[in-house]
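S.K.: Handing you this structure, nothing more for now.
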Amino acid sequence: MVDIDTFLTILYVMVDDFDKACLPPERRPGPPAALTRSEVLTLALMGQWQPFGSERAFYRYVQRHWRGAFPTLPDRAQFNRLVRHHHKALVACFRYLVEVLNAQHCPFELLDATPAPTRDAKRRGHGWLPGLADIGWSNRIGWYEGFHVLMAVNPVGVITGVGFGAASTKDQPLAETFFAARHYPHPGLPSVGAPAEGPYLTDKGFEGQACHQHWREDYGAVVICAPKSNSRHPWPRPWRRWLAGLRQIVETVNGCLHHTFRLDRERPHALDGFQARLAAKAALHNFCIWLNEQLGRPRLAFADLIAW
């Protein structure tokens, strides 16, 4: 366990080292920004913690307790613009942590989808993201309005890639885009990460022999998925238990994102804002795993990592 100021310092040092080693120098017209890129990335990651409750509450905490560390702190609206401006740097930071943790040198990865509600589904009107977020169903929370987040996780819980679509998007189309973007890297989808070295273990939402054959032949993505119970070739119960046991780790990661890093409480007003926050959550998740490893603690023991 570390105190919150020590955690912030360790996080800033890693982010600043990454910024200097991996990103080009900042060049932008006009006067210099109120915060450096390293400071923006550090605060963007730090602000995802659930104990702060919301972005507004986090910013009040920064103004009261960390003004000395960030003397040129702008108002919250300007900070949010800076976070959106540095969205690509946040994704690069996330991928840097994947490399630091050597996360993709593993026998398999787990692929799973999870809901990201952005608005009360019963509210009238179109909200802030019309045509982007919509209504979908999740076994976790029921009907919701927002996005459907797809992520790949390695066997110890490190997130290796993440993407999202509208809430109504099914698992197979999301996986199609995910595998295609991994096999044929696209500058607009860097957060999906690199191809897995082994197969992907999935749940029944990704079932379909035709899809599996297409993904294997066209993208080199081998998918292992238990067939549905009414399949002509159902798996024996021991096989299903084996797969379910391996997939427990991704359920733990989902719980961390929702309950530790506020994925279930996102209320973005712009698409790039949600993209930046999602990248920050994935990066913070991986950073906490790295820090726990340095401290000799269980990798996913986030609840008592910081002495709040």
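How things are named: the first chain in the structure tokens is A, the next is B, and so on; residues count from 1 in each chain; ligands count from 1 in the order shown.
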Quick one: residues within 12 Å of Ile289 in chain A, only C-alpha atoms, excluding same-chain residues fewer than 2 positions away - as a PyMOL selection string?
M.R.: chain A and resi 97-98+100-101+103+156-159+253+256+282-287+291-302+305
S.K.: Each residue of range 44-156 of chain A with at least one atom at most 8 Å from range 7-23 of chain A should appear once, together with its nearest atom pair and the corresponding distance in Å (one decimal); atoms considered: only C-alpha atoms; ordering: chain, then increasing residue number; output as JSON lines.
M.R.:
```
{"residue": "A:Met46", "atom": "CA", "partner": "A:Leu8", "partner_atom": "CA", "distance": 7.3}
{"residue": "A:Ala89", "atom": "CA", "partner": "A:Leu23", "partner_atom": "CA", "distance": 7.7}
{"residue": "A:Cys93", "atom": "CA", "partner": "A:Phe18", "partner_atom": "CA", "distance": 7.1}
{"residue": "A:Tyr96", "atom": "CA", "partner": "A:Phe18", "partner_atom": "CA", "distance": 7.5}
```
S.K.: Go ahead and compute the interatomic distance for CA of Pro234 in chain A and CA of Asp203 in chain A, in Å to one decimal.
M.R.: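 Separation between CA of Pro234 in chain A and CA of Asp203 in chain A: 14.0 Å.
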S.K.: Each residue of range 46-140 of chain A with at least one atom at most 10 Å from range 220-230 of chain A should appear once, together with its nearest atom pair and the corresponding distance in Å (one decimal); atoms considered: only C-alpha atoms; ordering: chain, then increasing residue number; output as a tab-separated table.
M.R.:
```
residue	atom	partner	partner_atom	distance
A:Phe108	CA	A:Val222	CA	9.7
A:Glu109	CA	A:Val223	CA	9.7
A:Leu110	CA	A:Val223	CA	9.5
A:Leu111	CA	A:Val223	CA	9.1
```
S.K.: Write down as a PyMOL selection string the residues belonging to range 6-79 of chain A that are assigned helix (DSSP H, G or I) by DSSP computed on the backbone.
M.R.: chain A and resi 6-22+37-46+50-52+55-65+76-79
